[in-house]
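Participant: Got a file for you: query.cif, mmCIF, C-alpha atoms.
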data_run
loop_
_atom_site.group_PDB
_atom_site.id
_atom_site.type_symbol
_atom_site.label_atom_id
_atom_site.label_comp_id
_atom_site.auth_asym_id
_atom_site.auth_seq_id
_atom_site.Cartn_x
_atom_site.Cartn_y
_atom_site.Cartn_z
ATOM 1 C CA MET A 148 98.369 72.422 137.028
ATOM 2 C CA ALA A 149 98.246 76.182 137.481
ATOM 3 C CA ASN A 150 100.595 76.039 140.473
ATOM 4 C CA ARG A 151 103.109 73.990 138.471
ATOM 5 C CA ALA A 152 102.925 76.537 135.670
ATOM 6 C CA LEU A 153 103.680 79.291 138.188
ATOM 7 C CA ARG A 154 106.601 77.299 139.571
ATOM 8 C CA GLY A 155 107.883 76.945 136.037
ATOM 9 C CA LEU A 156 107.570 80.701 135.514
ATOM 10 C CA ALA A 157 109.436 81.318 138.777
ATOM 11 C CA GLY A 158 112.291 79.106 137.618
ATOM 12 C CA PHE A 159 112.311 80.741 134.182
ATOM 13 C CA VAL A 160 112.503 84.252 135.641
ATOM 14 C CA LYS A 161 115.211 83.286 138.122
ATOM 15 C CA ALA A 162 117.388 81.427 135.612
ATOM 16 C CA LEU A 163 117.299 84.161 132.973
ATOM 17 C CA LYS A 164 117.582 87.049 135.460
ATOM 18 C CA VAL A 165 114.761 89.018 133.862
ATOM 19 C CA GLU A 166 115.190 92.798 134.121
ATOM 20 C CA TYR A 167 113.327 95.792 132.718
ATOM 21 C CA GLN A 168 114.998 99.214 132.694
ATOM 22 C CA GLY A 169 117.342 98.119 135.464
ATOM 23 C CA ILE A 170 114.567 96.699 137.646
ATOM 24 C CA GLY A 171 114.835 93.010 138.453
ATOM 25 C CA VAL A 172 111.732 90.855 138.065
ATOM 26 C CA THR A 173 111.069 88.076 140.577
ATOM 27 C CA LEU A 174 108.134 85.823 141.386
ATOM 28 C CA ASP A 175 107.125 84.941 144.944
ATOM 29 C CA MET A 176 106.865 81.233 144.189
ATOM 30 C CA VAL A 177 109.213 78.334 144.923
ATOM 31 C CA PRO A 178 110.564 77.072 141.572
ATOM 32 C CA GLU A 179 110.356 73.419 140.609
ATOM 33 C CA PRO A 180 113.924 72.153 140.125
ATOM 34 C CA GLY A 181 114.601 71.203 136.518
ATOM 35 C CA LEU A 182 111.562 73.010 135.108
ATOM 36 C CA ALA A 183 112.413 75.905 132.785
ATOM 37 C CA ASP A 184 115.446 76.832 134.860
ATOM 38 C CA SER A 185 118.461 75.753 132.779
ATOM 39 C CA GLY A 186 119.296 79.278 131.666
ATOM 40 C CA ASP A 187 119.041 78.285 127.997
ATOM 41 C CA LEU A 188 116.278 80.446 126.517
ATOM 42 C CA GLU A 189 115.186 78.053 123.764
ATOM 43 C CA THR A 190 114.928 75.060 126.115
ATOM 44 C CA ASP A 191 113.358 76.930 129.011
ATOM 45 C CA LEU A 192 110.780 78.764 126.907
ATOM 46 C CA GLN A 193 109.622 75.461 125.438
ATOM 47 C CA ASP A 194 109.236 74.006 128.930
ATOM 48 C CA LEU A 195 107.434 77.099 130.188
ATOM 49 C CA LEU A 196 104.887 77.375 127.364
ATOM 50 C CA GLU A 197 104.316 73.639 127.495
ATOM 51 C CA VAL A 198 103.494 73.573 131.199
ATOM 52 C CA VAL A 199 101.371 76.709 130.839
ATOM 53 C CA GLY A 200 99.551 75.123 127.916
ATOM 54 C CA VAL A 201 98.871 71.951 129.887
ATOM 55 C CA ALA A 202 97.381 74.027 132.705
ATOM 56 C CA ALA A 203 95.213 76.013 130.272
ATOM 57 C CA LYS A 204 93.984 72.834 128.604
ATOM 58 C CA ALA A 205 93.067 71.264 131.944
ATOM 59 C CA ASP A 206 91.056 74.406 132.743
ATOM 60 C CA GLU A 207 89.442 74.361 129.280
ATOM 61 C CA SER A 208 90.961 77.780 128.698
ATOM 62 C CA CYS A 209 93.679 79.171 126.450
ATOM 63 C CA VAL A 210 96.761 81.385 126.521
ATOM 64 C CA ALA A 211 97.485 84.103 123.952
ATOM 65 C CA LEU A 212 100.687 86.111 123.716
ATOM 66 C CA PHE A 213 100.329 89.603 122.241
ATOM 67 C CA ILE A 214 103.606 91.113 121.023
ATOM 68 C CA ASP A 215 103.920 94.468 119.278
ATOM 69 C CA GLU A 216 106.944 95.696 117.266
ATOM 70 C CA LEU A 217 107.893 92.087 116.615
ATOM 71 C CA GLN A 218 110.546 93.140 114.102
ATOM 72 C CA TYR A 219 112.743 94.371 116.959
ATOM 73 C CA VAL A 220 112.935 91.000 118.752
ATOM 74 C CA LYS A 221 116.492 89.618 118.531
ATOM 75 C CA GLU A 222 116.956 86.681 116.183
ATOM 76 C CA ASP A 223 117.912 84.189 118.902
ATOM 77 C CA GLU A 224 114.935 85.243 121.015
ATOM 78 C CA LEU A 225 112.650 85.042 117.983
ATOM 79 C CA ALA A 226 113.963 81.550 117.226
ATOM 80 C CA ALA A 227 113.290 80.472 120.806
ATOM 81 C CA LEU A 228 109.751 81.837 120.664
ATOM 82 C CA ILE A 229 109.002 80.101 117.369
ATOM 83 C CA THR A 230 110.391 76.800 118.659
ATOM 84 C CA ALA A 231 108.319 76.997 121.836
ATOM 85 C CA LEU A 232 105.117 77.745 119.921
ATOM 86 C CA HIS A 233 105.911 74.908 117.529
ATOM 87 C CA ARG A 234 106.178 72.520 120.486
ATOM 88 C CA THR A 235 102.791 73.566 121.883
ATOM 89 C CA ALA A 236 101.226 73.229 118.418
ATOM 90 C CA GLN A 237 102.615 69.721 118.063
ATOM 91 C CA ARG A 238 101.106 68.775 121.410
ATOM 92 C CA GLY A 239 97.775 70.383 120.587
ATOM 93 C CA LEU A 240 97.987 72.776 123.521
ATOM 94 C CA PRO A 241 95.864 75.965 123.542
ATOM 95 C CA VAL A 242 98.735 78.448 123.265
ATOM 96 C CA THR A 243 98.960 80.993 120.458
ATOM 97 C CA MET A 244 100.570 84.290 119.597
ATOM 98 C CA VAL A 245 99.293 87.446 117.938
ATOM 99 C CA GLY A 246 102.198 89.575 116.785
ATOM 100 C CA ALA A 247 102.345 92.916 115.013
ATOM 101 C CA GLY A 248 105.283 94.326 113.149
ATOM 102 C CA LEU A 249 106.623 95.850 109.981
ATOM 103 C CA PRO A 250 106.645 93.903 106.690
ATOM 104 C CA GLN A 251 110.126 92.475 107.278
ATOM 105 C CA VAL A 252 108.736 90.329 110.100
ATOM 106 C CA ARG A 253 107.942 87.482 107.701
ATOM 107 C CA GLY A 254 111.530 87.374 106.430
ATOM 108 C CA ARG A 255 113.059 87.679 109.903
ATOM 109 C CA MET A 256 110.928 84.846 111.262
ATOM 110 C CA GLY A 257 111.790 82.666 108.273
ATOM 111 C CA LYS A 258 115.465 83.382 108.848
ATOM 112 C CA ALA A 259 115.186 82.564 112.546
ATOM 113 C CA LYS A 260 113.414 79.234 111.856
ATOM 114 C CA SER A 261 112.870 77.932 108.343
ATOM 115 C CA TYR A 262 109.493 76.410 109.196
ATOM 116 C CA ALA A 263 108.062 79.668 110.617
ATOM 117 C CA GLU A 264 106.192 80.522 107.407
ATOM 118 C CA ARG A 265 104.313 77.214 107.676
ATOM 119 C CA LEU A 266 103.546 77.681 111.365
ATOM 120 C CA PHE A 267 102.119 81.230 111.220
ATOM 121 C CA GLU A 268 99.787 83.270 109.088
ATOM 122 C CA PHE A 269 101.014 86.679 107.948
ATOM 123 C CA PRO A 270 98.033 88.855 107.002
ATOM 124 C CA GLU A 271 99.037 92.299 105.747
ATOM 125 C CA ILE A 272 97.403 95.282 107.409
ATOM 126 C CA GLY A 273 97.853 98.493 105.464
ATOM 127 C CA PRO A 274 96.031 101.823 105.437
ATOM 128 C CA LEU A 275 92.261 101.956 105.730
ATOM 129 C CA SER A 276 90.161 102.146 102.609
ATOM 130 C CA PRO A 277 89.063 105.718 101.763
ATOM 131 C CA GLU A 278 85.498 104.821 102.755
ATOM 132 C CA ASP A 279 86.555 103.472 106.166
ATOM 133 C CA ALA A 280 88.915 106.406 106.710
ATOM 134 C CA LYS A 281 86.086 108.862 106.078
ATOM 135 C CA LEU A 282 83.872 106.946 108.461
ATOM 136 C CA ALA A 283 86.584 107.019 111.146
ATOM 137 C CA ILE A 284 86.543 110.832 111.040
ATOM 138 C CA ALA A 285 82.918 111.641 110.240
ATOM 139 C CA LYS A 286 81.054 109.182 112.469
ATOM 140 C CA PRO A 287 82.536 110.200 115.871
ATOM 141 C CA ALA A 288 81.932 113.846 114.973
ATOM 142 C CA LYS A 289 78.378 113.074 113.863
ATOM 143 C CA ASP A 290 77.739 111.224 117.127
ATOM 144 C CA GLU A 291 78.561 114.494 118.897
ATOM 145 C CA GLY A 292 76.250 116.500 116.650
ATOM 146 C CA VAL A 293 79.024 117.918 114.451
ATOM 147 C CA ASP A 294 79.077 117.724 110.644
ATOM 148 C CA ILE A 295 82.131 117.909 108.413
ATOM 149 C CA GLU A 296 81.919 119.295 104.916
ATOM 150 C CA PRO A 297 82.680 116.770 102.135
ATOM 151 C CA PHE A 298 85.644 118.725 100.749
ATOM 152 C CA ALA A 299 87.100 119.103 104.250
ATOM 153 C CA LEU A 300 86.784 115.352 104.768
ATOM 154 C CA ASP A 301 88.427 114.638 101.415
ATOM 155 C CA THR A 302 91.303 116.928 102.365
ATOM 156 C CA ILE A 303 91.931 114.972 105.572
ATOM 157 C CA ILE A 304 91.841 111.666 103.700
ATOM 158 C CA ASN A 305 94.306 112.922 101.082
ATOM 159 C CA GLN A 306 96.726 114.337 103.622
ATOM 160 C CA THR A 307 96.695 111.343 105.975
ATOM 161 C CA GLN A 308 96.777 108.788 103.139
ATOM 162 C CA CYS A 309 94.265 106.826 105.265
ATOM 163 C CA TYR A 310 96.995 105.937 107.785
ATOM 164 C CA PRO A 311 95.130 105.178 111.069
ATOM 165 C CA TYR A 312 97.481 107.030 113.429
ATOM 166 C CA PHE A 313 97.495 110.116 111.226
ATOM 167 C CA LEU A 314 93.701 110.032 111.084
ATOM 168 C CA GLN A 315 93.722 110.216 114.871
ATOM 169 C CA GLU A 316 96.098 113.176 114.813
ATOM 170 C CA TRP A 317 94.110 115.105 112.199
ATOM 171 C CA GLY A 318 90.840 114.247 113.931
ATOM 172 C CA LYS A 319 92.142 115.576 117.245
ATOM 173 C CA HIS A 320 93.473 118.820 115.817
ATOM 174 C CA VAL A 321 90.520 119.588 113.575
ATOM 175 C CA TRP A 322 88.186 119.020 116.529
ATOM 176 C CA ASP A 323 90.195 121.456 118.649
ATOM 177 C CA VAL A 324 90.343 124.071 115.886
ATOM 178 C CA ALA A 325 86.661 124.090 114.893
ATOM 179 C CA GLU A 326 84.539 126.053 117.344
ATOM 180 C CA ARG A 327 81.219 125.099 115.799
ATOM 181 C CA SER A 328 79.616 122.814 113.239
ATOM 182 C CA PRO A 329 80.247 122.271 110.395
ATOM 183 C CA ILE A 330 83.972 121.568 110.145
ATOM 184 C CA THR A 331 85.232 123.294 107.010
ATOM 185 C CA VAL A 332 88.317 123.082 104.833
ATOM 186 C CA SER A 333 89.605 126.241 106.543
ATOM 187 C CA HIS A 334 89.549 124.392 109.854
ATOM 188 C CA VAL A 335 91.386 121.477 108.247
ATOM 189 C CA GLU A 336 94.083 123.759 106.840
ATOM 190 C CA VAL A 337 94.856 125.149 110.306
ATOM 191 C CA ALA A 338 94.625 121.710 111.901
ATOM 192 C CA SER A 339 96.974 120.263 109.271
ATOM 193 C CA ARG A 340 99.739 122.704 110.162
ATOM 194 C CA GLN A 341 99.366 121.819 113.828
ATOM 195 C CA ALA A 342 99.247 118.080 113.137
ATOM 196 C CA VAL A 343 102.372 118.173 110.974
ATOM 197 C CA ALA A 344 104.222 120.224 113.618
ATOM 198 C CA ASP A 345 103.290 117.686 116.290
ATOM 199 C CA LEU A 346 104.365 114.756 114.119
ATOM 200 C CA ASP A 347 107.657 116.473 113.321
ATOM 201 C CA ALA A 348 108.365 117.034 117.012
ATOM 202 C CA SER A 349 107.519 113.504 118.109
ATOM 203 C CA PHE A 350 106.527 110.694 115.730
ATOM 204 C CA PHE A 351 109.014 111.547 112.981
ATOM 205 C CA LEU A 352 111.783 113.049 115.110
ATOM 206 C CA VAL A 353 112.045 109.985 117.365
ATOM 207 C CA ARG A 354 112.819 107.904 114.279
ATOM 208 C CA PHE A 355 115.183 110.484 112.807
ATOM 209 C CA ASP A 356 117.229 110.723 116.009
ATOM 210 C CA ARG A 357 118.033 106.994 115.820
ATOM 211 C CA LEU A 358 119.816 107.421 112.493
ATOM 212 C CA THR A 359 123.510 107.751 111.726
ATOM 213 C CA PRO A 360 124.632 110.568 109.389
ATOM 214 C CA THR A 361 125.057 108.033 106.575
ATOM 215 C CA GLU A 362 121.549 106.682 107.106
ATOM 216 C CA LYS A 363 120.122 110.198 107.100
ATOM 217 C CA ARG A 364 121.769 110.876 103.744
ATOM 218 C CA TYR A 365 120.287 107.687 102.313
ATOM 219 C CA LEU A 366 116.771 108.599 103.456
ATOM 220 C CA ARG A 367 117.175 112.166 102.221
ATOM 221 C CA ALA A 368 118.149 110.792 98.830
ATOM 222 C CA MET A 369 114.980 108.699 98.852
ATOM 223 C CA ALA A 370 112.956 111.765 99.783
ATOM 224 C CA GLN A 371 114.537 113.681 96.911
ATOM 225 C CA LEU A 372 112.922 111.145 94.582
ATOM 226 C CA GLY A 373 109.505 111.513 96.206
ATOM 227 C CA GLN A 374 107.144 109.257 98.112
ATOM 228 C CA GLY A 375 108.297 106.016 96.508
ATOM 229 C CA PRO A 376 108.849 103.144 96.382
ATOM 230 C CA HIS A 377 112.145 103.658 94.543
ATOM 231 C CA ARG A 378 114.584 101.390 92.780
ATOM 232 C CA SER A 379 117.847 100.896 94.645
ATOM 233 C CA GLY A 380 119.708 102.036 91.547
ATOM 234 C CA ASP A 381 117.839 105.334 91.466
ATOM 235 C CA ILE A 382 118.732 106.046 95.099
ATOM 236 C CA ALA A 383 122.354 105.171 94.394
ATOM 237 C CA SER A 384 122.354 107.573 91.449
ATOM 238 C CA VAL A 385 121.206 110.454 93.633
ATOM 239 C CA LEU A 386 124.085 109.724 96.014
ATOM 240 C CA ALA A 387 126.563 109.091 93.191
ATOM 241 C CA ARG A 388 127.365 105.708 94.696
ATOM 242 C CA SER A 389 127.095 102.104 93.590
ATOM 243 C CA VAL A 390 124.193 99.943 94.739
ATOM 244 C CA THR A 391 126.638 97.469 96.265
ATOM 245 C CA SER A 392 128.382 100.089 98.396
ATOM 246 C CA LEU A 393 125.032 101.270 99.779
ATOM 247 C CA ALA A 394 123.731 97.780 100.600
ATOM 248 C CA PRO A 395 124.980 97.810 104.233
ATOM 249 C CA THR A 396 123.262 101.161 104.886
ATOM 250 C CA ARG A 397 120.045 99.917 103.307
ATOM 251 C CA ASN A 398 120.156 96.765 105.444
ATOM 252 C CA GLN A 399 120.707 98.819 108.596
ATOM 253 C CA LEU A 400 117.703 100.990 107.782
ATOM 254 C CA ILE A 401 115.560 97.917 107.195
ATOM 255 C CA SER A 402 116.684 96.522 110.564
ATOM 256 C CA LYS A 403 115.735 99.791 112.238
ATOM 257 C CA GLY A 404 112.277 99.667 110.666
ATOM 258 C CA MET A 405 112.759 102.835 108.637
ATOM 259 C CA ILE A 406 112.378 101.290 105.193
ATOM 260 C CA TRP A 407 111.267 98.016 103.649
ATOM 261 C CA SER A 408 111.359 96.247 100.322
ATOM 262 C CA PRO A 409 107.874 95.792 98.797
ATOM 263 C CA SER A 410 109.478 93.861 95.918
ATOM 264 C CA HIS A 411 112.960 92.850 94.830
ATOM 265 C CA GLY A 412 115.115 95.912 94.231
ATOM 266 C CA ASP A 413 112.499 98.363 95.499
ATOM 267 C CA THR A 414 112.765 100.455 98.657
ATOM 268 C CA ALA A 415 109.973 102.318 100.428
ATOM 269 C CA PHE A 416 109.463 104.224 103.666
ATOM 270 C CA THR A 417 107.616 102.249 106.335
ATOM 271 C CA VAL A 418 105.386 105.176 107.300
ATOM 272 C CA PRO A 419 103.662 107.725 105.050
ATOM 273 C CA MET A 420 104.856 111.311 104.833
ATOM 274 C CA PHE A 421 108.369 110.526 106.039
ATOM 275 C CA ASP A 422 109.723 111.738 102.700
ATOM 276 C CA GLU A 423 108.131 115.130 103.348
ATOM 277 C CA PHE A 424 109.595 115.218 106.855
ATOM 278 C CA MET A 425 113.101 114.467 105.520
ATOM 279 C CA VAL A 426 112.810 117.409 103.132
ATOM 280 C CA ARG A 427 111.681 119.675 105.981
ATOM 281 C CA ILE A 428 114.398 118.638 108.411
ATOM 282 C CA ILE A 429 117.156 118.655 105.760
ATOM 283 C CA PRO A 430 116.075 121.467 103.406
ATOM 284 C CA GLU A 431 117.335 121.746 99.842
ATOM 285 C CA GLU A 432 120.247 124.097 100.547
ATOM 286 C CA GLU A 433 121.578 121.897 103.341
ATOM 287 C CA TRP A 434 121.050 118.799 101.209
ATOM 288 C CA LYS A 435 123.158 120.266 98.375
ATOM 289 C CA GLN A 436 126.002 120.817 100.848
ATOM 290 C CA LEU A 437 125.834 117.181 101.896
ATOM 291 C CA GLN A 438 126.131 115.893 98.340
#
Any chance you could put this one into structure tokens?

Facilitator:
Amino acid sequence: MANRALRGLAGFVKALKVEYQGIGVTLDMVPEPGLADSGDLETDLQDLLEVVGVAAKADESCVALFIDELQYVKEDELAALITALHRTAQRGLPVTMVGAGLPQVRGRMGKAKSYAERLFEFPEIGPLSPEDAKLAIAKPAKDEGVDIEPFALDTIINQTQCYPYFLQEWGKHVWDVAERSPITVSHVEVASRQAVADLDASFFLVRFDRLTPTEKRYLRAMAQLGQGPHRSGDIASVLARSVTSLAPTRNQLISKGMIWSPSHGDTAFTVPMFDEFMVRIIPEEEWKQLQ
């Protein structure tokens, strides 16, 4: 069973000419003619996951696909993946997927295949609770014999908004800044400047550089209104435009994972503190010139 699954994978790779960053991917296995080798992604992926699932079931094992940034998968590829997983579910094969992505994933999967919302669960994972966020900072430090003053800890929680990645950044910088226990609010103030500078140069800037000038203006208008979420009409008012004329730009930004719609007519940034970054990178004087 396992050998047949590998032959199916070999045919799949050969038929679809799989490449990554210009490097071709091959498999040193003789393909089985007619098995996942038609060149049609939806058909071949069904065949491949089915034969893999049969092999896993025979071995009393299972197969799990882990896919991050699922919102960036093309619609036709997403449809093929959903169809293939649907087939294995219908056959009771031990194949599943764990995907992670921005909130628009649910809508994109429903658009790709109407039955996707019945096939998958979509639990929402937001920021940590304040209690868990404090624990994420204080416990590792405590394990190393270092205390952090309550007000210093509260400052980190407020500035990071309990966002896990930002907690890592602040934790790293405050650890580097503090030379001895306890960690104080003075240490956090220095660490915060360093953390923000690092985020501006990497995490935020990578996203900003993917934007068109029109998209940058839209996000700067959002930032002018504050953290959000904001009504589409309010953003349009800042730009002195109609909501309808801005709809294509808003849709492009949603597709790029920069913003999302928490409810009908509302628009919010997908990551905390991006409004503050937009104000820093396009300061008030420059913003007035753009208006």

Participant: Written as number ranges by chain, which residues does the PyMOL selection byres ((chain A and resi 419-436) around 9) give for the file shown?

Facilitator: A: 306-308, 310, 343, 346-347, 351-352, 355, 363-364, 366-375, 416-418, 437-438

Participant: What is the distance, in Å and to one decimal place, between atom CA of His411 of chain A and atom CA of Arg378 of chain A?

Facilitator: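 Spanning atom CA of His411 of chain A to atom CA of Arg378 of chain A is a straight-line distance of 8.9 Å.
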
Participant: To verify the selection step, state as a PyMOL selection string which residues the PyMOL selection byres ((chain A and resi 249) around 8) yields on this input.

Facilitator: chain A and resi 216-218+247-248+250-252+404+417

Participant: For the residues in that selection, give me C-alpha atoms as a PDB file, in the frame of the given file.

Facilitator:
ATOM      1  CA  GLU A 216     106.944  95.696 117.266  1.00  0.00           C
ATOM      2  CA  LEU A 217     107.893  92.087 116.615  1.00  0.00           C
ATOM      3  CA  GLN A 218     110.546  93.140 114.102  1.00  0.00           C
ATOM      4  CA  ALA A 247     102.345  92.916 115.013  1.00  0.00           C
ATOM      5  CA  GLY A 248     105.283  94.326 113.149  1.00  0.00           C
ATOM      6  CA  PRO A 250     106.645  93.903 106.690  1.00  0.00           C
ATOM      7  CA  GLN A 251     110.126  92.475 107.278  1.00  0.00           C
ATOM      8  CA  VAL A 252     108.736  90.329 110.100  1.00  0.00           C
ATOM      9  CA  GLY A 404     112.277  99.667 110.666  1.00  0.00           C
ATOM     10  CA  THR A 417     107.616 102.249 106.335  1.00  0.00           C
TER      11      THR A 417
END

Participant: Check the smallest atom-to-atom distance from each of A:Ile330, A:Ala342, A:Ala383, A:Ala203 to Gln315 of chain A using only C-alpha atoms, then report the winner.

Facilitator: A:Ala342

Participant: So that I can see what lies close to Asp345 of chain A, please list as a list in words the residues with an atom at most 12 Å from it, counting only C-alpha atoms and leaving out residues fewer than 6 positions away in the same chain.

Facilitator: Phe313, Glu316, Trp317, Lys319, His320, Ala338, Ser339, Phe351, Leu352, Val353 and Phe424 of chain A

Participant: Just C-alpha atoms for this one: save the residues we selected as a PDB file, in the coordinates of the input.

Facilitator:
ATOM      1  CA  PHE A 313      97.495 110.116 111.226  1.00  0.00           C
ATOM      2  CA  GLU A 316      96.098 113.176 114.813  1.00  0.00           C
ATOM      3  CA  TRP A 317      94.110 115.105 112.199  1.00  0.00           C
ATOM      4  CA  LYS A 319      92.142 115.576 117.245  1.00  0.00           C
ATOM      5  CA  HIS A 320      93.473 118.820 115.817  1.00  0.00           C
ATOM      6  CA  ALA A 338      94.625 121.710 111.901  1.00  0.00           C
ATOM      7  CA  SER A 339      96.974 120.263 109.271  1.00  0.00           C
ATOM      8  CA  PHE A 351     109.014 111.547 112.981  1.00  0.00           C
ATOM      9  CA  LEU A 352     111.783 113.049 115.110  1.00  0.00           C
ATOM     10  CA  VAL A 353     112.045 109.985 117.365  1.00  0.00           C
ATOM     11  CA  PHE A 424     109.595 115.218 106.855  1.00  0.00           C
TER      12      PHE A 424
END

Participant: At a cut-off of 8 Å, using all atoms listed in the file, what residues contact Thr414 of chain A? Leave out same-chain residues fewer than 5 positions from it and give the result as an MDAnalysis selection string.

Facilitator: chainID A and resid 375:379 406:409

Participant: What gap, in Å, lies between atom CA of Met256 of chain A and atom CA of Val199 of chain A?

Facilitator: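 Atom CA of Met256 of chain A sits 23.3 Å away from atom CA of Val199 of chain A.
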
Participant: Calculate how many Å separate atom CA of Asn398 of chain A from atom CA of Arg253 of chain A, rounding to one decimal.

Facilitator: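 Those two atoms sit 15.5 Å apart.
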
Participant: Counting all atoms listed in the file, figure out which residue out of A:Val210, A:Ala227, A:Leu275, A:Phe298 gets nearest to Thr243 of chain A.

Facilitator: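 The answer is A:Val210, which sits nearest to Thr243 of chain A.
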
Participant: Check the smallest atom-to-atom distance from each of A:Gly412, A:Gly257, A:Pro180, A:Pro297 to Gly380 of chain A using only C-alpha atoms, then report the winner.

Facilitator: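 Under the stated criterion, the closest residue is A:Gly412.
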
Participant: For the provided coordinates, the residues matched by the PyMOL selection byres ((chain A and resi 240) around 12) should be stated as a PyMOL selection string.

Facilitator: chain A and resi 196-211+231-239+241-243

Participant: Select, from A:Ser410, A:Asn305, A:Ser328, A:Ser333, the residue with the minimum atom-to-atom distance to Val293 of chain A, counting only C-alpha atoms.

Facilitator: A:Ser328

Participant: Please list as an NGL selection string every residue within 12 Å of Glu296 of chain A, counting only C-alpha atoms and excluding residues in the same chain fewer than 6 positions away.

Facilitator: :A and (281 or 284-285 or 288-289 or 302-303 or 328-335)

Participant: Hey, which of A:Leu228, A:Val321, A:Asp356, A:Pro274 ends up closest to Leu212 of chain A? Count all atoms listed in the file.

Facilitator: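 Closest candidate: A:Leu228.
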
Participant: If we count all atoms listed in the file, what is near Gly254 of chain A at a cut-off of 10 Å, once residues fewer than 5 positions away on the same chain are taken out, given as a PyMOL selection string?

Facilitator: chain A and resi 218+259-261+263-264
